[in-house]
Amino acid sequence: MDIRFTPTQEEYRCAFRRWLDQHWPNASWPQPPGSEEEARFQIDWERRLHAAGYSGVAWPKDYGGQGLTLVEHYIVQEELGRVAAPEGLNNIGRELVGPILLAVGSEEQKRHYIPRLLRVDDLWCQGFSEPNAGSDLASLQTRAERDDGDWLITGQKVWTSFARHANWCILLARTDRTAPRHKGITLFLMPMDVSGITVRPLKQITGRSEFNELFLDAVRVPDGLRLGDVNDGWRVATAVLGFERATTRLYRQARFMHELRALVALAERRAPMRLADAEFRRRIAALFVELEIVRYHNLKIVSRVVNGAAIGPEASLQKLAWSEAHQKLAALAVDILGDDFFACDEAAHFRYIYLQSRAETIFAGTSEIQRNIIADRVLGLPR
Amino acid sequence: MGLQFEFSSEQQMLAASVRGVLARAAGPAEPLPSNLAPLARQVADHGLFGVFAPAAAGGLGLGLTEALAISMETGRAHAPYPVIETIMAARLLADTRPSVAAQVMRGELIATCASSGEVEVVANGGQPLLRGSVMVPFAHHARWLALPVQRADRNEPGSWAAVVDLAGRGVSISPASEFDLTYPVFRVALGACIEPTDIVACHLAPALAVLACGELTGAAEHCLERTLRYLKERVQFGKPIGTNQGLKHAAADDWMRVQGMLAASQYAAASFDNAGNPGGVAEFTQAAHVAKAYCSAAARAVAEHAIQMHGGIAFTWEFGLHVSLRRILRLATALGSVADHYDALAAALLNGRTQ
């Protein structure tokens, strides 16, 4: 057993830390939520990271990546979380589209789309969920029908993050209505600037509008933008999603630890008496313990991947662990800050994460679905 | 060699051999045998008591990680023998009393460690005096005791531990608890003189706490395995009870707890083995607090849920789940409770702001 990184990997971390010290514009973040300035800031930041060689870290050099391992990717994510840099507007591109393309894209698709998404020449959104296909994603009804060698896509998608900024959408659509429901679905790369697409922002409980509804009316997509085989989209999407559930949110543990330290610092100014209270001290310690456990799970997953082992349904553990820890962090902020949670400007971020973290146990598979996955596929309990 | 956050194949083989020894020696629900010697000899034959003692003293010279792999098996089997205490005591005795250490590693003498209480070293001419009271598993059966001590005799920072002959003068042993049917605990009152060389610098308490985490993990895993088996077999309303989502989710949560316990105890043990690096001691101390706080709370939850998920059968003495519950509850409180470790972490996190 070895929980250490190699000296070369530690040096890589130091170098990135030095780069962040010089380039992370701490003073100009956060920007006004939902504003054009915020969007521009994030896109600009992602481009600077890419130009410096800190995106696509574990992706092949042939496609614009850095050709390193998941350890270096993890190190970069951890350092970004440590300074609470944003996850970026193109995180669907980096964390979902890129891995799916690498897994099943044609050579031509990989060479074209991956460098573009890393440079943020393209910005991606995700068209998976539908009003009647949430947890039961395989029941999706949006259909793609052949027309002159093209596909005509009609239907409705929902929870489509960043659709207003995106120029591409990765989409699941039904291509065979007679096949068993998991076997009639195909993946498409759909341009967003074609006719037949209507984007309607959804105002969320945070007051922001990152999610959108997407209405598709006979949107014409050439067959060359199909990803993987016809009717094989479900297998591809779920295989990649399982792996991605484990490896894409490595950033968050470090950011939550940053938030815990920020909460303690704010409580020191606003509610020093509560930091002398044994109950609150233990809740702070308990949260620290829980976040450390998330970090250990991250390390386990990275270790498994770099040593050549597969990541399966146990990725659900990771999703449950970080999303539930974040809700506890938000609850602690409410309880420890009291009136100041509601009234003080400095607590704005904690008000935001209290509301935002409601979504985190719902999206990307609800906590209940994750527990079902563990019970059925890991523990082998009868269905 | 780079990141490898799993037991190595050698460490897994070590665990497998311990599992074999313990499976031959005793079943998990059996009452405490009156004679501990046969089990001691079998464990000793594999050199396991010396796993953590230096090779120069006749030990295997391995790390806390290997000792942890063993502790998971003693926890799983609820071994009625102070294996983890003997492993730690053998390491201390190797530095202080090499001939005693050799006897302990051969299984001829039982050595144990204190699980709570406070003892200070008082200056007393050439023979320092140990003064205080501690809780000690198997004190009645053991000849030697290792324990953390506060140095009132000199102002030296650091962690200290001492070894003391339980058959010597100034030692009084009385039964304290038989709540854990596999692990009797005694109160040991000390007013005993020892040799100056019987005191060494050693992170005994946090290292032993990590091995307790290993026992908690193994014992909790045992509870979960029994529960999963039962959820698949037991039929009510014409179907296995494991088809019910309420029980599925409870089992999934307990599986997550076991995974967290495994990761936390492995991380803490590996941190100890790296403690020679700069900042290593602070990192190990923190990791040990994290592991003991987490494992104590999580194992207790898994054991309590195991009884709930089994229903009435688990409330019978004969079914034996209470043996696991009792062992886990003792381990969860020994070597610092959840609250103790939270308090230590909070003190470090809150920059010295005190209660």
# chains A, B, ... in the order shown; residues from 1 in each chain; ligands from 1

$ interface_residues --of "chain B" --to "chain A" --cutoff "9 Å" --atoms "only C-alpha atoms" --output "JSON, numbers by chain"
{"B": [1, 2, 3, 4, 5, 6, 7, 8, 11, 65, 228, 231, 232, 240, 241, 242, 243, 244, 245, 248, 249, 250, 251, 252, 253, 255, 256, 259, 260, 261, 263, 264, 266, 267, 270, 271, 274, 287, 289, 290, 291, 293, 294, 339, 341, 342, 343, 344, 345, 346, 347, 349, 350, 353, 354, 355]}

$ write_last_selection --atoms "C-alpha atoms" --output "mmCIF file, in the first residue's frame"
data_model
loop_
_atom_site.group_PDB
_atom_site.id
_atom_site.type_symbol
_atom_site.label_atom_id
_atom_site.label_comp_id
_atom_site.auth_asym_id
_atom_site.auth_seq_id
_atom_site.Cartn_x
_atom_site.Cartn_y
_atom_site.Cartn_z
ATOM 1 C CA MET B 1 6.187 3.070 -6.616
ATOM 2 C CA GLY B 2 3.332 5.558 -6.732
ATOM 3 C CA LEU B 3 -0.236 5.536 -5.580
ATOM 4 C CA GLN B 4 -1.512 2.076 -4.576
ATOM 5 C CA PHE B 5 -4.323 2.655 -2.087
ATOM 6 C CA GLU B 6 -5.158 -1.015 -1.482
ATOM 7 C CA PHE B 7 -3.524 -3.768 0.506
ATOM 8 C CA SER B 8 -0.698 -5.238 -1.566
ATOM 9 C CA GLN B 11 -0.587 -7.879 2.774
ATOM 10 C CA THR B 65 -0.317 -1.383 7.589
ATOM 11 C CA LEU B 228 -26.973 -9.531 3.582
ATOM 12 C CA LEU B 231 -31.978 -10.369 3.627
ATOM 13 C CA LYS B 232 -31.640 -12.802 0.723
ATOM 14 C CA PRO B 240 -37.260 -12.280 0.352
ATOM 15 C CA ILE B 241 -37.259 -9.298 2.721
ATOM 16 C CA GLY B 242 -34.241 -7.940 0.809
ATOM 17 C CA THR B 243 -36.604 -6.901 -2.017
ATOM 18 C CA ASN B 244 -37.951 -4.115 0.213
ATOM 19 C CA GLN B 245 -36.458 -0.727 -0.585
ATOM 20 C CA LYS B 248 -32.056 -2.186 0.581
ATOM 21 C CA HIS B 249 -31.242 1.415 1.348
ATOM 22 C CA ALA B 250 -30.289 0.636 4.938
ATOM 23 C CA ALA B 251 -27.958 -2.094 3.671
ATOM 24 C CA ALA B 252 -26.492 0.243 1.027
ATOM 25 C CA ASP B 253 -25.757 2.834 3.727
ATOM 26 C CA TRP B 255 -21.968 -0.951 2.942
ATOM 27 C CA MET B 256 -20.896 2.664 2.443
ATOM 28 C CA GLN B 259 -16.075 1.173 2.707
ATOM 29 C CA GLY B 260 -15.407 4.416 4.579
ATOM 30 C CA MET B 261 -14.033 2.522 7.584
ATOM 31 C CA ALA B 263 -10.399 3.582 3.594
ATOM 32 C CA ALA B 264 -9.964 5.586 6.801
ATOM 33 C CA GLN B 266 -5.880 2.054 5.719
ATOM 34 C CA TYR B 267 -5.094 5.738 5.205
ATOM 35 C CA ALA B 270 -0.183 4.107 5.810
ATOM 36 C CA SER B 271 0.288 7.618 7.270
ATOM 37 C CA ASN B 274 5.158 7.423 6.286
ATOM 38 C CA ALA B 287 -5.572 10.693 10.199
ATOM 39 C CA HIS B 289 -8.352 10.950 14.875
ATOM 40 C CA VAL B 290 -10.361 10.890 11.624
ATOM 41 C CA ALA B 291 -10.233 7.100 11.456
ATOM 42 C CA ALA B 293 -13.994 8.968 15.099
ATOM 43 C CA TYR B 294 -15.404 7.619 11.841
ATOM 44 C CA ALA B 339 -16.583 12.810 20.921
ATOM 45 C CA HIS B 341 -11.600 12.445 18.645
ATOM 46 C CA TYR B 342 -13.963 15.148 17.364
ATOM 47 C CA ASP B 343 -12.786 17.409 20.193
ATOM 48 C CA ALA B 344 -9.142 16.802 19.276
ATOM 49 C CA LEU B 345 -9.819 17.553 15.606
ATOM 50 C CA ALA B 346 -11.850 20.655 16.444
ATOM 51 C CA ALA B 347 -9.018 22.007 18.589
ATOM 52 C CA LEU B 349 -9.135 23.063 13.072
ATOM 53 C CA LEU B 350 -10.193 26.057 15.108
ATOM 54 C CA ARG B 353 -9.723 28.688 19.878
ATOM 55 C CA THR B 354 -10.784 26.788 22.972
ATOM 56 C CA GLN B 355 -14.080 25.947 24.536
#

$ residues_around --residues "region 149-159 of chain A" --least-positions-apart "6" --cutoff "6 Å" --atoms "only C-alpha atoms" --output "tab-separated table (two decimals) with C-alpha atoms, in the first residue's frame"
chain	number	residue	atom	x	y	z
A	127	GLY	CA	-29.90	16.65	-23.67
A	129	SER	CA	-33.51	14.06	-19.23
A	130	GLU	CA	-37.08	14.70	-20.31
A	142	THR	CA	-37.65	12.32	-28.00
A	143	ARG	CA	-37.42	10.61	-31.37
A	211	PHE	CA	-30.98	24.90	-16.48
A	212	ASN	CA	-33.14	25.15	-19.56
A	213	GLU	CA	-35.96	23.46	-21.36
A	214	LEU	CA	-35.15	22.45	-24.90
A	215	PHE	CA	-37.92	22.10	-27.49
A	216	LEU	CA	-36.92	20.23	-30.66
A	217	ASP	CA	-39.13	20.43	-33.74
A	218	ALA	CA	-37.82	18.31	-36.64
A	219	VAL	CA	-34.22	19.38	-36.06
A	220	ARG	CA	-32.13	18.10	-38.99
A	221	VAL	CA	-28.94	16.28	-37.93
A	222	PRO	CA	-26.66	14.60	-40.51
A	223	ASP	CA	-25.85	10.93	-39.92

$ select_by_dssp --residues "region 186-278 of chain B" --states "strand (DSSP E or B)" --output "list in words"
Phe186, Arg187, Val188, Ala189, Leu190, Gly191, Ala192, Cys193, Ile199, Val200, Ala201, Val235, Gln236, Lys239 and Pro240 of chain B

$ write_last_selection --atoms "C-alpha atoms" --output "short mmCIF file (atom, residue, chain, number, x, y, z; two decimals), in the first residue's frame"
data_model
loop_
_atom_site.label_atom_id
_atom_site.label_comp_id
_atom_site.auth_asym_id
_atom_site.auth_seq_id
_atom_site.Cartn_x
_atom_site.Cartn_y
_atom_site.Cartn_z
CA PHE B 186 -9.83 -4.91 34.10
CA ARG B 187 -9.02 -1.83 36.11
CA VAL B 188 -5.31 -1.60 36.84
CA ALA B 189 -4.21 0.80 39.58
CA LEU B 190 -0.54 1.62 39.44
CA GLY B 191 1.87 2.90 42.04
CA ALA B 192 4.77 0.97 40.59
CA CYS B 193 8.46 1.68 40.23
CA ILE B 199 10.03 4.42 29.13
CA VAL B 200 10.35 5.17 25.40
CA ALA B 201 9.14 7.81 22.97
CA VAL B 235 -39.09 -14.70 3.26
CA GLN B 236 -42.08 -12.64 4.43
CA LYS B 239 -40.77 -12.74 -1.05
CA PRO B 240 -37.26 -12.28 0.35
#

$ residues_around --residues "region 297-309 of chain B" --least-positions-apart "6" --cutoff "6 Å" --atoms "only C-alpha atoms" --output "VMD selection string"
chain B and resid 216 220 227 254 257 325

$ closest_residue --among "A:Gln141, A:Ser106, A:Ser35, A:Gln42" --to "Thr186 (chain A)" --atoms "only C-alpha atoms"
A:Gln141

$ select_by_dssp --residues "region 154-337 of chain B" --states "alpha helix (DSSP H)" --output "ChimeraX atom specification"
/B:204-233,245-273,280-310,321-333

$ write_last_selection --atoms "C-alpha atoms" --output "JSON list (two decimals), in the first residue's frame"
[["chain", "number", "residue", "atom", "x", "y", "z"],
["B", 204, "LEU", "CA", 1.29, 4.13, 21.28],
["B", 205, "ALA", "CA", -2.26, 5.43, 21.72],
["B", 206, "PRO", "CA", -2.92, 6.62, 18.14],
["B", 207, "ALA", "CA", -1.22, 3.56, 16.63],
["B", 208, "LEU", "CA", -3.27, 1.20, 18.78],
["B", 209, "ALA", "CA", -6.38, 3.27, 17.93],
["B", 210, "VAL", "CA", -5.73, 2.58, 14.24],
["B", 211, "LEU", "CA", -5.57, -1.16, 14.95],
["B", 212, "ALA", "CA", -8.84, -0.82, 16.88],
["B", 213, "CYS", "CA", -10.23, 0.76, 13.68],
["B", 214, "GLY", "CA", -9.11, -2.35, 11.82],
["B", 215, "GLU", "CA", -10.96, -4.55, 14.35],
["B", 216, "LEU", "CA", -14.05, -2.34, 14.05],
["B", 217, "THR", "CA", -13.93, -2.62, 10.26],
["B", 218, "GLY", "CA", -13.59, -6.41, 10.32],
["B", 219, "ALA", "CA", -16.33, -6.81, 12.93],
["B", 220, "ALA", "CA", -18.69, -4.46, 11.04],
["B", 221, "GLU", "CA", -18.02, -6.31, 7.80],
["B", 222, "HIS", "CA", -18.92, -9.55, 9.58],
["B", 223, "CYS", "CA", -22.24, -8.01, 10.74],
["B", 224, "LEU", "CA", -23.01, -6.73, 7.24],
["B", 225, "GLU", "CA", -22.25, -10.09, 5.63],
["B", 226, "ARG", "CA", -24.59, -11.86, 8.05],
["B", 227, "THR", "CA", -27.27, -9.26, 7.37],
["B", 228, "LEU", "CA", -26.97, -9.53, 3.58],
["B", 229, "ARG", "CA", -27.24, -13.29, 3.78],
["B", 230, "TYR", "CA", -30.36, -12.98, 5.90],
["B", 231, "LEU", "CA", -31.98, -10.37, 3.63],
["B", 232, "LYS", "CA", -31.64, -12.80, 0.72],
["B", 233, "GLU", "CA", -32.94, -15.86, 2.65],
["B", 245, "GLN", "CA", -36.46, -0.73, -0.59],
["B", 246, "GLY", "CA", -36.33, 0.34, 3.05],
["B", 247, "LEU", "CA", -34.00, -2.56, 3.84],
["B", 248, "LYS", "CA", -32.06, -2.19, 0.58],
["B", 249, "HIS", "CA", -31.24, 1.41, 1.35],
["B", 250, "ALA", "CA", -30.29, 0.64, 4.94],
["B", 251, "ALA", "CA", -27.96, -2.09, 3.67],
["B", 252, "ALA", "CA", -26.49, 0.24, 1.03],
["B", 253, "ASP", "CA", -25.76, 2.83, 3.73],
["B", 254, "ASP", "CA", -24.07, 0.23, 5.89],
["B", 255, "TRP", "CA", -21.97, -0.95, 2.94],
["B", 256, "MET", "CA", -20.90, 2.66, 2.44],
["B", 257, "ARG", "CA", -19.96, 2.85, 6.11],
["B", 258, "VAL", "CA", -17.79, -0.27, 5.81],
["B", 259, "GLN", "CA", -16.07, 1.17, 2.71],
["B", 260, "GLY", "CA", -15.41, 4.42, 4.58],
["B", 261, "MET", "CA", -14.03, 2.52, 7.58],
["B", 262, "LEU", "CA", -11.73, 0.49, 5.37],
["B", 263, "ALA", "CA", -10.40, 3.58, 3.59],
["B", 264, "ALA", "CA", -9.96, 5.59, 6.80],
["B", 265, "SER", "CA", -8.10, 2.88, 8.69],
["B", 266, "GLN", "CA", -5.88, 2.05, 5.72],
["B", 267, "TYR", "CA", -5.09, 5.74, 5.21],
["B", 268, "ALA", "CA", -4.21, 6.21, 8.88],
["B", 269, "ALA", "CA", -2.00, 3.10, 9.00],
["B", 270, "ALA", "CA", -0.18, 4.11, 5.81],
["B", 271, "SER", "CA", 0.29, 7.62, 7.27],
["B", 272, "PHE", "CA", 1.97, 6.06, 10.31],
["B", 273, "ASP", "CA", 4.31, 4.12, 8.06],
["B", 280, "GLY", "CA", 4.43, 13.10, 8.84],
["B", 281, "VAL", "CA", 3.66, 12.92, 12.56],
["B", 282, "ALA", "CA", 1.04, 15.68, 12.39],
["B", 283, "GLU", "CA", -0.53, 14.06, 9.36],
["B", 284, "PHE", "CA", -0.64, 10.66, 11.06],
["B", 285, "THR", "CA", -2.11, 12.09, 14.25],
["B", 286, "GLN", "CA", -4.89, 13.78, 12.31],
["B", 287, "ALA", "CA", -5.57, 10.69, 10.20],
["B", 288, "ALA", "CA", -5.78, 8.57, 13.37],
["B", 289, "HIS", "CA", -8.35, 10.95, 14.87],
["B", 290, "VAL", "CA", -10.36, 10.89, 11.62],
["B", 291, "ALA", "CA", -10.23, 7.10, 11.46],
["B", 292, "LYS", "CA", -11.15, 6.42, 15.08],
["B", 293, "ALA", "CA", -13.99, 8.97, 15.10],
["B", 294, "TYR", "CA", -15.40, 7.62, 11.84],
["B", 295, "CYS", "CA", -14.94, 3.90, 12.51],
["B", 296, "SER", "CA", -16.36, 4.10, 16.03],
["B", 297, "ALA", "CA", -19.58, 5.77, 14.89],
["B", 298, "ALA", "CA", -19.92, 3.79, 11.67],
["B", 299, "ALA", "CA", -19.27, 0.33, 13.15],
["B", 300, "ARG", "CA", -21.74, 0.96, 15.92],
["B", 301, "ALA", "CA", -24.39, 1.96, 13.38],
["B", 302, "VAL", "CA", -23.71, -1.14, 11.26],
["B", 303, "ALA", "CA", -24.00, -3.45, 14.30],
["B", 304, "GLU", "CA", -27.19, -1.80, 15.53],
["B", 305, "HIS", "CA", -28.74, -1.92, 12.05],
["B", 306, "ALA", "CA", -27.75, -5.58, 11.70],
["B", 307, "ILE", "CA", -29.90, -6.40, 14.71],
["B", 308, "GLN", "CA", -32.80, -4.28, 13.42],
["B", 309, "MET", "CA", -32.66, -5.83, 9.95],
["B", 310, "HIS", "CA", -32.62, -9.37, 11.34],
["B", 321, "LEU", "CA", -25.19, -10.99, 16.87],
["B", 322, "HIS", "CA", -25.01, -9.44, 20.33],
["B", 323, "VAL", "CA", -21.45, -10.79, 20.56],
["B", 324, "SER", "CA", -20.56, -8.53, 17.63],
["B", 325, "LEU", "CA", -22.54, -5.61, 19.02],
["B", 326, "ARG", "CA", -20.82, -5.90, 22.39],
["B", 327, "ARG", "CA", -17.34, -6.10, 20.89],
["B", 328, "ILE", "CA", -18.00, -3.14, 18.61],
["B", 329, "LEU", "CA", -19.44, -1.03, 21.41],
["B", 330, "ARG", "CA", -16.36, -1.63, 23.58],
["B", 331, "LEU", "CA", -13.97, -0.88, 20.74],
["B", 332, "ALA", "CA", -15.93, 2.25, 19.79],
["B", 333, "THR", "CA", -15.43, 3.67, 23.27]]

$ residues_around --residues "Pro115 (chain A)" --least-positions-apart "4" --cutoff "9 Å" --atoms "only C-alpha atoms" --output "ChimeraX atom specification"
/A:56,63-65,110-111,119-121

$ residues_around --residues "Leu117 (chain A)" --least-positions-apart "6" --cutoff "10 Å" --atoms "only C-alpha atoms" --output "MDAnalysis selection string"
chainID A and resid 47 56 64 90:94 97:98 123:124 168

$ atom_distance --atom1 "CA of Gly58 (chain B)" --atom2 "CA of Leu92 (chain B)"
12.9 Å

$ residues_around --residues "region 75-88 of chain B" --least-positions-apart "3" --cutoff "6 Å" --atoms "only C-alpha atoms" --output "tab-separated table (two decimals) with C-alpha atoms, in the first residue's frame"
chain	number	residue	atom	x	y	z
B	28	PRO	CA	-16.90	-15.91	16.38
B	32	LEU	CA	-14.14	-17.01	26.04
B	49	PHE	CA	2.74	-11.10	17.32
B	71	SER	CA	-6.47	-6.57	13.03
B	72	MET	CA	-9.24	-6.69	10.41
B	91	ARG	CA	7.13	-3.55	19.62
B	111	ALA	CA	1.23	-8.81	26.84
B	112	THR	CA	-1.50	-6.20	26.66
B	113	CYS	CA	-2.06	-2.43	26.42
B	182	THR	CA	-14.86	-11.96	24.02
B	183	TYR	CA	-12.71	-9.33	25.72
B	215	GLU	CA	-10.96	-4.55	14.35
B	218	GLY	CA	-13.59	-6.41	10.32
B	219	ALA	CA	-16.33	-6.81	12.93
B	222	HIS	CA	-18.92	-9.55	9.58

$ residues_around --residues "Gly59 (chain B)" --least-positions-apart "4" --cutoff "8 Å" --atoms "only C-alpha atoms" --output "list in words"
Gly47, Phe49, Gly50, Val51, Phe52, Ala53, Pro54, Ala55 and Met105 of chain B

$ write_last_selection --atoms "N, CA and C atoms" --output "PDB file, in the first residue's frame"
ATOM      1  N   GLY B  47       4.365 -16.084  13.529  1.00  0.00           N
ATOM      2  CA  GLY B  47       5.177 -14.874  13.737  1.00  0.00           C
ATOM      3  C   GLY B  47       4.359 -13.610  13.833  1.00  0.00           C
ATOM      4  N   PHE B  49       2.594 -12.060  16.215  1.00  0.00           N
ATOM      5  CA  PHE B  49       2.735 -11.100  17.319  1.00  0.00           C
ATOM      6  C   PHE B  49       3.919 -10.173  17.091  1.00  0.00           C
ATOM      7  N   GLY B  50       4.879 -10.626  16.284  1.00  0.00           N
ATOM      8  CA  GLY B  50       6.059  -9.815  16.032  1.00  0.00           C
ATOM      9  C   GLY B  50       5.981  -9.031  14.737  1.00  0.00           C
ATOM     10  N   VAL B  51       4.779  -8.933  14.160  1.00  0.00           N
ATOM     11  CA  VAL B  51       4.647  -8.304  12.844  1.00  0.00           C
ATOM     12  C   VAL B  51       5.237  -6.899  12.819  1.00  0.00           C
ATOM     13  N   PHE B  52       5.093  -6.208  13.955  1.00  0.00           N
ATOM     14  CA  PHE B  52       5.416  -4.783  14.002  1.00  0.00           C
ATOM     15  C   PHE B  52       6.706  -4.543  14.790  1.00  0.00           C
ATOM     16  N   ALA B  53       7.297  -5.628  15.344  1.00  0.00           N
ATOM     17  CA  ALA B  53       8.544  -5.489  16.105  1.00  0.00           C
ATOM     18  C   ALA B  53       9.725  -5.573  15.142  1.00  0.00           C
ATOM     19  N   PRO B  54      10.822  -4.868  15.471  1.00  0.00           N
ATOM     20  CA  PRO B  54      11.970  -4.861  14.549  1.00  0.00           C
ATOM     21  C   PRO B  54      12.550  -6.261  14.342  1.00  0.00           C
ATOM     22  N   ALA B  55      13.057  -6.489  13.153  1.00  0.00           N
ATOM     23  CA  ALA B  55      13.619  -7.798  12.829  1.00  0.00           C
ATOM     24  C   ALA B  55      14.794  -8.136  13.747  1.00  0.00           C
ATOM     25  N   MET B 105       6.532 -12.880  21.676  1.00  0.00           N
ATOM     26  CA  MET B 105       6.370 -13.207  20.254  1.00  0.00           C
ATOM     27  C   MET B 105       6.255 -14.714  20.039  1.00  0.00           C
TER      28      MET B 105
END

$ atom_distance --atom1 "CA of Ala23 (chain B)" --atom2 "CA of Gly311 (chain B)"
27.2 Å
